[in-house]
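A.B. asks: Mind looking over this structure? Questions follow.
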Amino acid sequence: MSPPVAPPGWSRWLVPPAALSVHLSIGQAYAWSVFKPSLESALDLSGTQSALPFQLGIVMLGLSAAFGGTLVERNGPRWAMTVALICFSSGFLISALGAATEQYWLIVFGYGFVGGIGLGIGYISPVSTLIKWFPDRPGMATGIAIMGFGGGALIASPWSAQMLESFGSDSSGIAQAFLVHGLTYALFMSLGVFLVRVPRPTKTAADGTPAPLQGVQVSADSAIRTPQFWCLWVVLCMNVTAGIGILEKAAPMITDFFSDTSTPVSVSAAAGFVALLSAANMAGRIGWSSTSDLIGRKNIYRVYLGVGALMYALIAWVGDSSKPLFICCALVILSFYGGGFATIPAYLKDLFGTYQVGAIHGRLLTAWSTAGVLGPLIVNWIADRQEEAGKSGASLYGVSLIIMIGLLVVGFVANELVRPVNARHHIPAQREAPDVHERQQSA
């Protein structure tokens with residue numbers, strides 16, 4: 001199942017489209033909030049309950065990326081993309097059965113557990129390959145691919161809303177929508193499976209010995225024992241928690257914020273807001289990650305975390321007074337959220353090198369699993385409690401917004417603590433070359 005090695009003259013610019021076909025598909029996860037109102041109505045669920053498939057999906061994303069990262073490095077991106085296709089599409093088909101039979105646990109299991117495995121393996125599948133193809137511009141390269149994950153909801157959100165309108169928002173209509181999603185995404189992701197290539201091994205002389213990688217190189221097992229890894233874990237977790245809290249609750253949140261005003265937000269407008277957030281998420285992934293190639297990874301994370309806290313403060317204190325202000329602040333936050341995801345592989349490459357960077361990235365995504373639980377839980381649980389206390393509108397979210405500001409400050413401090421990796425964790429050049437050769441041959 002290993003991908004064919006690129007023939008001489010193969011353009012490296014054909015590799016990002018292969019990655020995009022997978023990431024645009026699994027990026028549907030960001031459109032989950034479109035299904036929440038229909039599920040809550042059809043199956044009599046609370047906001048916290050309807051978030052479970054999304055939360056479990058993000059948990060499984062991190063866990064499968066962590067445990068599967070080494071397998072992805074060993075077996076290559078084609079194997080990883082195939083596993084992602086099977087799991088992600090099967091998750092939708094199982095969810096369709098759950099909706100049709102009104103067995104919500106099947107939706108949680110299908111979309112969250114099975115589909116979540118597809119999310120994790122699919123997410124990391126092209127990362128190390130892209131960094132090898134674009135060693136000169138790693139931030140831009142990973143940003144191009146990973147922007148697809150952020151932009152998936154730009155397509156899925158209006159598409160899902162239209163299907164629910166056409167099929168109906170009852171359990172039968174939801175089941176049909178899930179079925180169409182599963183079959184369509186299986187077809188689209190197969191394009192990436194057949195298109196992906198790995199670069200040709202670099203040789204030195206006539207003896208065929210592969211050239212050792214340049215600069216600092218750290219193995220995945222050594223990386224997780226460094227303080228740099230755990231500082232970045234905290235940075236990613238805090239940035240994701242702050243962004244995902246808005247994203248998972250996007251449609252209901254904007255509706256609640258302006259429900260008591262003279263210009264309430266309709267269901268279709270709320271779905272449009274989700275699509276706008278997806279566009280900002282996508283644009284941030286390529287825009288901010290490319291900027292990081294110019295100003296450095298630490299500096300760009302200072303922007304994500306510092307300015308992000310300011311945006312949350314504006315929403316908390318004056319967001320309900322101006323719809324344009326609310327939307328603009330949310331768009332900036334989501335652009336930072338997406339940019340953080342796209343920049344982290346290049347940050348890891350800067351600190352640990354390209355050797356096993358995919359496996360290191362997979363382990364770091366356990367921070368996303370944690371954030372996938374924390375973000376929606378904070379926002380939904382507090383909103384449910386505030387509603388039980390008789391509050392409504394923007395007051396449902398005041399406490400959770402203040403918590404997000406605090407988390408971003410914690411992430412800012414963690415980023416400041418990042419330093420170069422101690423030399424005792426480096427892999428000696430003479431040990432490095434055979435390992436690299438072995439991995440290239442297996443790919």
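If you're wondering about the labels, chains in the structure tokens are A, B, ... by order shown, residues count from 1 in each chain, ligands from 1 in order shown.
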Range 200-338 of chain A: which residues are alpha helix (DSSP H) by DSSP, as a ChimeraX atom specification?

C.D. replies: /A:220-223,227-248,250-257,267-295,297-318,323-338

A.B. asks: As a VMD selection string, please: the residues near range 102-113 of chain A (cut-off 10 Å, only C-alpha atoms, same-chain neighbours under 3 positions excluded).

C.D. replies: chain A and resid 29 39 42 to 43 45 49 to 61 87 to 99 116 to 119 170 to 172 175 178

A.B. asks: Have a look at A:Met238, A:Ala250, A:Val5, A:Leu348 and name the one nearest to Pro37 in chain A; count only C-alpha atoms.

C.D. replies: A:Ala250

A.B. asks: Give the answer as one residue: which of A:Ile403, A:Val235, A:Val318, A:Ala269 has the shortest atom-to-atom distance to Tyr347 in chain A, using only C-alpha atoms?

C.D. replies: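 The closest residue to Tyr347 in chain A is A:Val235.
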
A.B. asks: Which residues of range 67-180 of chain A come within 12 Å of range 12-25 of chain A, and for each one, what is the closest pair of atoms and their distance in Å to one decimal, counting only C-alpha atoms, sorted by chain and residue number, as a Markdown table?

C.D. replies:
| residue | atom | partner | partner_atom | distance |
| --- | --- | --- | --- | --- |
| A:Pro77 | CA | A:Ala19 | CA | 9.2 |
| A:Arg78 | CA | A:Ala18 | CA | 9.9 |
| A:Ala80 | CA | A:Val22 | CA | 10.3 |
| A:Met81 | CA | A:Val22 | CA | 7.1 |
| A:Thr82 | CA | A:Val22 | CA | 9.7 |
| A:Val83 | CA | A:Val22 | CA | 11.1 |
| A:Ala84 | CA | A:Val22 | CA | 8.1 |
| A:Leu85 | CA | A:Val22 | CA | 7.9 |
| A:Ile86 | CA | A:Val22 | CA | 11.7 |
| A:Phe88 | CA | A:Ser25 | CA | 8.8 |
| A:Ser89 | CA | A:Ser25 | CA | 9.6 |
| A:Phe92 | CA | A:Ser25 | CA | 11.9 |
| A:Gly115 | CA | A:Ser25 | CA | 11.5 |
| A:Gly118 | CA | A:Val22 | CA | 10.0 |
| A:Leu119 | CA | A:His23 | CA | 8.8 |
| A:Gly120 | CA | A:His23 | CA | 10.6 |
| A:Ile121 | CA | A:Val22 | CA | 10.3 |
| A:Gly122 | CA | A:Val22 | CA | 6.5 |
| A:Tyr123 | CA | A:His23 | CA | 6.6 |
| A:Ile124 | CA | A:His23 | CA | 9.6 |
| A:Ser125 | CA | A:Ala19 | CA | 7.9 |
| A:Pro126 | CA | A:Ala19 | CA | 5.8 |
| A:Val127 | CA | A:Ala19 | CA | 8.6 |
| A:Ser128 | CA | A:Ala19 | CA | 11.3 |
| A:Thr129 | CA | A:Val15 | CA | 8.5 |
| A:Leu130 | CA | A:Val15 | CA | 7.3 |
| A:Ile131 | CA | A:Pro16 | CA | 10.8 |
| A:Lys132 | CA | A:Arg12 | CA | 9.9 |
| A:Trp133 | CA | A:Arg12 | CA | 6.2 |
| A:Phe134 | CA | A:Arg12 | CA | 7.9 |
| A:Pro135 | CA | A:Arg12 | CA | 11.3 |
| A:Met140 | CA | A:Pro16 | CA | 10.5 |
| A:Ala141 | CA | A:Pro16 | CA | 7.4 |
| A:Thr142 | CA | A:Pro16 | CA | 8.4 |
| A:Gly143 | CA | A:Pro16 | CA | 9.6 |
| A:Ile144 | CA | A:Pro16 | CA | 6.6 |
| A:Ala145 | CA | A:Leu20 | CA | 5.1 |
| A:Ile146 | CA | A:His23 | CA | 6.5 |
| A:Met147 | CA | A:His23 | CA | 7.7 |
| A:Gly148 | CA | A:Leu24 | CA | 4.4 |
| A:Phe149 | CA | A:His23 | CA | 4.4 |
| A:Gly150 | CA | A:Leu24 | CA | 7.6 |
| A:Gly151 | CA | A:Leu24 | CA | 6.3 |
| A:Gly152 | CA | A:Leu24 | CA | 4.4 |
| A:Ala153 | CA | A:Leu24 | CA | 8.1 |
| A:Leu154 | CA | A:Leu24 | CA | 9.2 |
| A:Ile155 | CA | A:Leu24 | CA | 8.4 |
| A:Ala156 | CA | A:Ser25 | CA | 8.6 |

A.B. asks: Between A:Ile427, A:Val373, A:Ile254, A:Leu334, which one has atoms that come closest to Tyr397 in chain A, using only C-alpha atoms?

C.D. replies: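 Looking at the shortest contact to Tyr397 in chain A, the residue is A:Ile254.
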
A.B. asks: Can you pull out the residues contacting range 275-281 of chain A? Cut-off 12 Å, using only C-alpha atoms, and skip same-chain residues under 5 positions away; I want them as a tab-separated table (two decimals) with N, CA and C atoms, in the first residue's frame.

C.D. replies:
chain	number	residue	atom	x	y	z
A	24	LEU	N	-10.00	18.32	2.98
A	24	LEU	CA	-11.29	18.96	2.71
A	24	LEU	C	-12.45	18.06	3.13
A	27	GLY	N	-12.46	17.69	7.05
A	27	GLY	CA	-12.78	18.99	7.63
A	27	GLY	C	-14.27	19.20	7.83
A	28	GLN	N	-15.10	18.26	7.36
A	28	GLN	CA	-16.54	18.33	7.62
A	28	GLN	C	-16.83	18.39	9.10
A	29	ALA	N	-15.91	17.88	9.90
A	29	ALA	CA	-16.12	17.87	11.36
A	29	ALA	C	-16.47	19.27	11.88
A	30	TYR	N	-15.94	20.30	11.25
A	30	TYR	CA	-16.19	21.66	11.71
A	30	TYR	C	-17.59	22.15	11.38
A	31	ALA	N	-18.34	21.38	10.62
A	31	ALA	CA	-19.72	21.75	10.31
A	31	ALA	C	-20.71	21.00	11.19
A	32	TRP	N	-20.21	20.33	12.22
A	32	TRP	CA	-21.10	19.53	13.07
A	32	TRP	C	-22.21	20.37	13.70
A	33	SER	N	-21.93	21.63	14.01
A	33	SER	CA	-22.94	22.46	14.68
A	33	SER	C	-24.20	22.63	13.84
A	34	VAL	N	-24.11	22.43	12.52
A	34	VAL	CA	-25.30	22.51	11.66
A	34	VAL	C	-26.28	21.40	12.00
A	143	GLY	N	0.58	24.48	5.56
A	143	GLY	CA	-0.59	25.36	5.58
A	143	GLY	C	-1.52	25.11	4.41
A	146	ILE	N	-3.28	21.69	5.29
A	146	ILE	CA	-4.09	21.73	6.50
A	146	ILE	C	-5.20	22.77	6.40
A	147	MET	N	-5.07	23.73	5.47
A	147	MET	CA	-6.15	24.68	5.29
A	147	MET	C	-7.40	23.95	4.79
A	148	GLY	N	-7.18	22.81	4.12
A	148	GLY	CA	-8.33	22.03	3.68
A	148	GLY	C	-9.18	21.54	4.83
A	149	PHE	N	-8.53	21.18	5.94
A	149	PHE	CA	-9.29	20.73	7.10
A	149	PHE	C	-10.14	21.88	7.64
A	150	GLY	N	-9.54	23.08	7.67
A	150	GLY	CA	-10.30	24.24	8.13
A	150	GLY	C	-11.38	24.65	7.16
A	151	GLY	N	-11.12	24.45	5.86
A	151	GLY	CA	-12.10	24.87	4.85
A	151	GLY	C	-13.15	23.84	4.54
A	152	GLY	N	-13.04	22.65	5.13
A	152	GLY	CA	-14.03	21.62	4.84
A	152	GLY	C	-15.44	22.04	5.16
A	153	ALA	N	-15.61	22.78	6.25
A	153	ALA	CA	-16.94	23.21	6.64
A	153	ALA	C	-17.49	24.30	5.72
A	154	LEU	N	-16.62	24.98	5.01
A	154	LEU	CA	-17.08	25.99	4.05
A	154	LEU	C	-17.95	25.34	2.98
A	155	ILE	N	-17.61	24.10	2.66
A	155	ILE	CA	-18.41	23.32	1.72
A	155	ILE	C	-19.51	22.56	2.46
A	156	ALA	N	-19.13	21.91	3.55
A	156	ALA	CA	-20.05	21.01	4.25
A	156	ALA	C	-21.20	21.74	4.93
A	157	SER	N	-20.96	22.95	5.44
A	157	SER	CA	-21.99	23.65	6.19
A	157	SER	C	-23.23	23.98	5.34
A	158	PRO	N	-23.08	24.71	4.22
A	158	PRO	CA	-24.28	24.96	3.40
A	158	PRO	C	-24.83	23.70	2.76
A	159	TRP	N	-23.92	22.77	2.42
A	159	TRP	CA	-24.35	21.50	1.81
A	159	TRP	C	-25.20	20.70	2.79
A	160	SER	N	-24.76	20.63	4.05
A	160	SER	CA	-25.51	19.89	5.07
A	160	SER	C	-26.84	20.58	5.35
A	161	ALA	N	-26.82	21.91	5.45
A	161	ALA	CA	-28.06	22.66	5.71
A	161	ALA	C	-29.07	22.43	4.59
A	240	VAL	N	-6.37	25.73	20.83
A	240	VAL	CA	-7.47	24.95	20.26
A	240	VAL	C	-8.71	25.04	21.15
A	243	GLY	N	-10.51	28.25	20.44
A	243	GLY	CA	-11.16	28.33	19.14
A	243	GLY	C	-12.31	27.35	18.99
A	244	ILE	N	-12.11	26.13	19.48
A	244	ILE	CA	-13.11	25.09	19.26
A	244	ILE	C	-14.37	25.33	20.09
A	246	ILE	N	-15.92	28.15	20.39
A	246	ILE	CA	-16.80	28.94	19.53
A	246	ILE	C	-17.27	28.11	18.34
A	247	LEU	N	-16.35	27.37	17.74
A	247	LEU	CA	-16.66	26.67	16.50
A	247	LEU	C	-17.74	25.62	16.69
A	248	GLU	N	-17.65	24.84	17.75
A	248	GLU	CA	-18.63	23.77	17.97
A	248	GLU	C	-20.02	24.33	18.28
A	249	LYS	N	-20.08	25.51	18.85
A	249	LYS	CA	-21.34	26.11	19.28
A	249	LYS	C	-21.73	27.29	18.39
A	250	ALA	N	-21.08	27.42	17.24
A	250	ALA	CA	-21.17	28.64	16.44
A	250	ALA	C	-22.61	29.04	16.09
A	251	ALA	N	-23.37	28.13	15.49
A	251	ALA	CA	-24.71	28.48	15.04
A	251	ALA	C	-25.62	28.87	16.21
A	254	ILE	N	-24.39	32.53	17.97
A	254	ILE	CA	-24.74	33.80	17.36
A	254	ILE	C	-26.24	34.05	17.42
A	268	SER	N	-30.81	30.14	8.69
A	268	SER	CA	-29.96	30.16	7.50
A	268	SER	C	-28.78	31.11	7.68
A	269	ALA	N	-29.01	32.24	8.35
A	269	ALA	CA	-27.92	33.18	8.59
A	269	ALA	C	-26.90	32.58	9.55
A	270	ALA	N	-27.37	31.80	10.55
A	270	ALA	CA	-26.46	31.14	11.48
A	270	ALA	C	-25.58	30.12	10.74
A	286	ILE	N	-3.36	29.00	5.79
A	286	ILE	CA	-2.35	29.27	4.78
A	286	ILE	C	-1.70	30.63	5.00
A	287	GLY	N	-2.51	31.64	5.39
A	287	GLY	CA	-1.98	33.00	5.56
A	287	GLY	C	-1.01	33.13	6.72
A	288	TRP	N	-1.46	32.69	7.92
A	288	TRP	CA	-0.61	32.85	9.10
A	288	TRP	C	0.58	31.89	9.08
A	289	SER	N	0.38	30.66	8.57
A	289	SER	CA	1.50	29.71	8.54
A	289	SER	C	2.57	30.17	7.55
A	326	PHE	N	-18.99	41.46	16.71
A	326	PHE	CA	-19.01	40.06	17.12
A	326	PHE	C	-18.46	39.17	16.02
A	327	ILE	N	-18.93	39.37	14.80
A	327	ILE	CA	-18.52	38.53	13.67
A	327	ILE	C	-17.03	38.71	13.38
A	328	CYS	N	-16.57	39.96	13.38
A	328	CYS	CA	-15.16	40.23	13.09
A	328	CYS	C	-14.23	39.60	14.13
A	329	CYS	N	-14.59	39.74	15.41
A	329	CYS	CA	-13.76	39.14	16.46
A	329	CYS	C	-13.73	37.62	16.34
A	330	ALA	N	-14.89	37.02	16.06
A	330	ALA	CA	-14.96	35.57	15.90
A	330	ALA	C	-14.12	35.11	14.71
A	331	LEU	N	-14.15	35.88	13.63
A	331	LEU	CA	-13.37	35.52	12.45
A	331	LEU	C	-11.87	35.58	12.74
A	332	VAL	N	-11.43	36.59	13.48
A	332	VAL	CA	-10.02	36.70	13.84
A	332	VAL	C	-9.61	35.51	14.72
A	333	ILE	N	-10.44	35.20	15.72
A	333	ILE	CA	-10.14	34.07	16.61
A	333	ILE	C	-10.01	32.78	15.82
A	334	LEU	N	-10.93	32.55	14.88
A	334	LEU	CA	-10.88	31.31	14.10
A	334	LEU	C	-9.72	31.29	13.11
A	335	SER	N	-9.30	32.47	12.65
A	335	SER	CA	-8.11	32.50	11.78
A	335	SER	C	-6.87	32.12	12.58
A	336	PHE	N	-6.80	32.55	13.84
A	336	PHE	CA	-5.68	32.17	14.72
A	336	PHE	C	-5.75	30.69	15.07
A	337	TYR	N	-6.96	30.22	15.28
A	337	TYR	CA	-7.18	28.80	15.58
A	337	TYR	C	-6.64	27.94	14.43
A	338	GLY	N	-7.03	28.27	13.20
A	338	GLY	CA	-6.54	27.53	12.04
A	338	GLY	C	-5.05	27.71	11.83
A	339	GLY	N	-4.57	28.95	12.01
A	339	GLY	CA	-3.15	29.20	11.84
A	339	GLY	C	-2.31	28.41	12.82
A	340	GLY	N	-2.80	28.24	14.03
A	340	GLY	CA	-2.08	27.45	15.03
A	340	GLY	C	-1.89	26.01	14.61
A	341	PHE	N	-2.91	25.42	14.02
A	341	PHE	CA	-2.80	24.04	13.54
A	341	PHE	C	-1.80	23.92	12.40
A	342	ALA	N	-1.84	24.88	11.47
A	342	ALA	CA	-0.99	24.79	10.29
A	342	ALA	C	0.47	25.11	10.60

A.B. asks: Find, counting only C-alpha atoms, the residue in A:Gln162, A:Asn380, A:Ser395, A:Ser292 that gets nearest to Pro345 in chain A.

C.D. replies: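 Under the stated criterion, the closest residue is A:Ser292.
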
A.B. asks: List the neighbours of Leu310 in chain A out to 10 Å using only C-alpha atoms; skip same-chain residues closer than 3 positions along the sequence, and give me the result as a PyMOL selection string.

C.D. replies: chain A and resi 305-307+313-316+329+333+405+408

A.B. asks: Nearest residue to Thr101 in chain A out of A:Gly173, A:Gly68, A:Gly62, A:Gly182, using only C-alpha atoms?

C.D. replies: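 Looking only at the distances to Thr101 in chain A, the closest residue turns out to be A:Gly173.
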
A.B. asks: One decimal, in Å: what's the spacing between CA of Gly69 in chain A and CA of Ile360 in chain A?

C.D. replies: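 Taking CA of Gly69 in chain A and CA of Ile360 in chain A, their separation equals 7.3 Å.
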
A.B. asks: Excluding Ala346 in chain A and residues on its chain fewer than 2 positions from it, collect all residues at most 6 Å away from it, counting only C-alpha atoms, and give them as a count of residues only.

C.D. replies: 6

A.B. asks: Which residue out of A:Ser64, A:Gln386, A:Ser169, A:Asn75 has the minimum interatomic distance to Phe35 in chain A when only C-alpha atoms are used?

C.D. replies: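 For Phe35 in chain A, the nearest of the given residues is A:Ser169.
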